[in-house]
Amino acid sequence: MPAFETCPRFTTDVQHLTPAKRRRFRRVVLDAFVPDPRTGRQFRPGLRIKGVRRTPGVYELT
């Protein structure tokens, strides 16, 4: 399973989400983001994930 780290701004942004938006974010992470690497396929285009140039195995999300 890939490792990750979060920035303080991410934590703050998540805390400011409404409870409904926080549930939706968690559902997308668990139902779409996490399963893709486990199956070995590429990330779904709708997740807007791309690899960082010259750093294999590191991705950014927008």
# chains A, B, ... in the order shown; residues from 1 in each chain; ligands from 1
call {"tool": "residues_around", "arguments": {"residues": "Gly51 in chain A", "least_positions_apart": "6", "cutoff": "7 Å", "atoms": "only C-alpha atoms", "output": "JSON, numbers by chain"}}
result
{"A": [58, 59, 60]}
call {"tool": "select_by_dssp", "arguments": {"residues": "chain A", "states": "alpha helix (DSSP H)", "output": "list in words"}}
result
Pro8, Arg9, Phe10, Thr11, Thr12, Asp13, Val14, Gln15, Pro19, Ala20, Lys21, Arg22, Arg23, Arg24, Phe25, Arg26, Arg27, Val28, Pro35, Asp36, Pro37, Arg38 and Thr39 of chain A
call {"tool": "write_last_selection", "arguments": {"atoms": "N, CA, C and O atoms", "output": "short mmCIF file (atom, residue, chain, number, x, y, z; two decimals), in the first residue's frame"}}
result
data_model
loop_
_atom_site.label_atom_id
_atom_site.label_comp_id
_atom_site.auth_asym_id
_atom_site.auth_seq_id
_atom_site.Cartn_x
_atom_site.Cartn_y
_atom_site.Cartn_z
N PRO A 8 0.15 20.64 6.61
CA PRO A 8 -0.76 21.28 7.55
C PRO A 8 -1.96 21.94 6.86
O PRO A 8 -3.08 21.90 7.38
N ARG A 9 -1.75 22.50 5.68
CA ARG A 9 -2.87 23.14 4.98
C ARG A 9 -3.94 22.11 4.63
O ARG A 9 -5.14 22.40 4.71
N PHE A 10 -3.54 20.91 4.22
CA PHE A 10 -4.51 19.87 3.90
C PHE A 10 -5.36 19.56 5.14
O PHE A 10 -6.59 19.50 5.07
N THR A 11 -4.71 19.37 6.27
CA THR A 11 -5.42 19.05 7.50
C THR A 11 -6.42 20.16 7.85
O THR A 11 -7.57 19.88 8.20
N THR A 12 -5.99 21.38 7.72
CA THR A 12 -6.88 22.52 8.00
C THR A 12 -8.05 22.54 7.03
O THR A 12 -9.20 22.74 7.43
N ASP A 13 -7.77 22.32 5.75
CA ASP A 13 -8.84 22.32 4.74
C ASP A 13 -9.87 21.22 5.03
O ASP A 13 -11.07 21.45 4.93
N VAL A 14 -9.41 20.05 5.39
CA VAL A 14 -10.33 18.95 5.69
C VAL A 14 -11.18 19.29 6.91
O VAL A 14 -12.38 19.03 6.93
N GLN A 15 -10.58 19.91 7.91
CA GLN A 15 -11.33 20.26 9.11
C GLN A 15 -12.42 21.30 8.82
O GLN A 15 -13.43 21.35 9.52
N PRO A 19 -19.68 18.37 7.33
CA PRO A 19 -19.71 16.91 7.57
C PRO A 19 -20.08 16.13 6.30
O PRO A 19 -19.49 15.08 6.03
N ALA A 20 -21.01 16.65 5.49
CA ALA A 20 -21.40 15.95 4.26
C ALA A 20 -20.24 15.89 3.27
O ALA A 20 -19.99 14.85 2.65
N LYS A 21 -19.53 16.99 3.11
CA LYS A 21 -18.38 17.01 2.19
C LYS A 21 -17.25 16.15 2.70
O LYS A 21 -16.54 15.50 1.93
N ARG A 22 -17.06 16.09 4.01
CA ARG A 22 -16.02 15.23 4.59
C ARG A 22 -16.35 13.76 4.32
O ARG A 22 -15.47 12.97 3.98
N ARG A 23 -17.63 13.38 4.46
CA ARG A 23 -18.04 12.00 4.16
C ARG A 23 -17.82 11.68 2.69
O ARG A 23 -17.34 10.60 2.35
N ARG A 24 -18.15 12.63 1.82
CA ARG A 24 -17.96 12.41 0.38
C ARG A 24 -16.48 12.25 0.05
O ARG A 24 -16.09 11.36 -0.71
N PHE A 25 -15.62 13.08 0.63
CA PHE A 25 -14.18 12.98 0.42
C PHE A 25 -13.68 11.61 0.85
O PHE A 25 -12.97 10.93 0.12
N ARG A 26 -14.09 11.19 2.03
CA ARG A 26 -13.66 9.88 2.54
C ARG A 26 -14.15 8.75 1.65
O ARG A 26 -13.40 7.82 1.36
N ARG A 27 -15.39 8.86 1.16
CA ARG A 27 -15.93 7.82 0.28
C ARG A 27 -15.14 7.73 -1.02
O ARG A 27 -14.82 6.64 -1.50
N VAL A 28 -14.78 8.88 -1.61
CA VAL A 28 -14.00 8.87 -2.85
C VAL A 28 -12.62 8.25 -2.61
O VAL A 28 -12.15 7.44 -3.39
N PRO A 35 -8.45 1.70 -4.12
CA PRO A 35 -8.48 0.45 -4.90
C PRO A 35 -7.62 0.46 -6.17
O PRO A 35 -7.11 -0.59 -6.56
N ASP A 36 -7.43 1.60 -6.81
CA ASP A 36 -6.69 1.62 -8.07
C ASP A 36 -5.27 1.08 -7.94
O ASP A 36 -4.87 0.20 -8.71
N PRO A 37 -4.45 1.55 -7.00
CA PRO A 37 -3.10 0.98 -6.88
C PRO A 37 -3.10 -0.50 -6.51
O PRO A 37 -2.23 -1.24 -6.91
N ARG A 38 -4.11 -0.92 -5.76
CA ARG A 38 -4.17 -2.34 -5.35
C ARG A 38 -4.41 -3.26 -6.54
O ARG A 38 -3.97 -4.39 -6.54
N THR A 39 -5.11 -2.77 -7.55
CA THR A 39 -5.40 -3.61 -8.71
C THR A 39 -4.31 -3.50 -9.78
O THR A 39 -4.33 -4.24 -10.75
#
call {"tool": "select_by_dssp", "arguments": {"residues": "chain A", "states": "strand (DSSP E or B)", "output": "PyMOL selection string"}}
result
chain A and resi 49-51+59-61
call {"tool": "atom_distance", "arguments": {"atom1": "CA of Leu61 in chain A", "atom2": "CA of Leu47 in chain A"}}
result
7.5 Å
call {"tool": "atom_distance", "arguments": {"atom1": "CA of Phe33 in chain A", "atom2": "CA of Glu5 in chain A"}}
result
15.1 Å
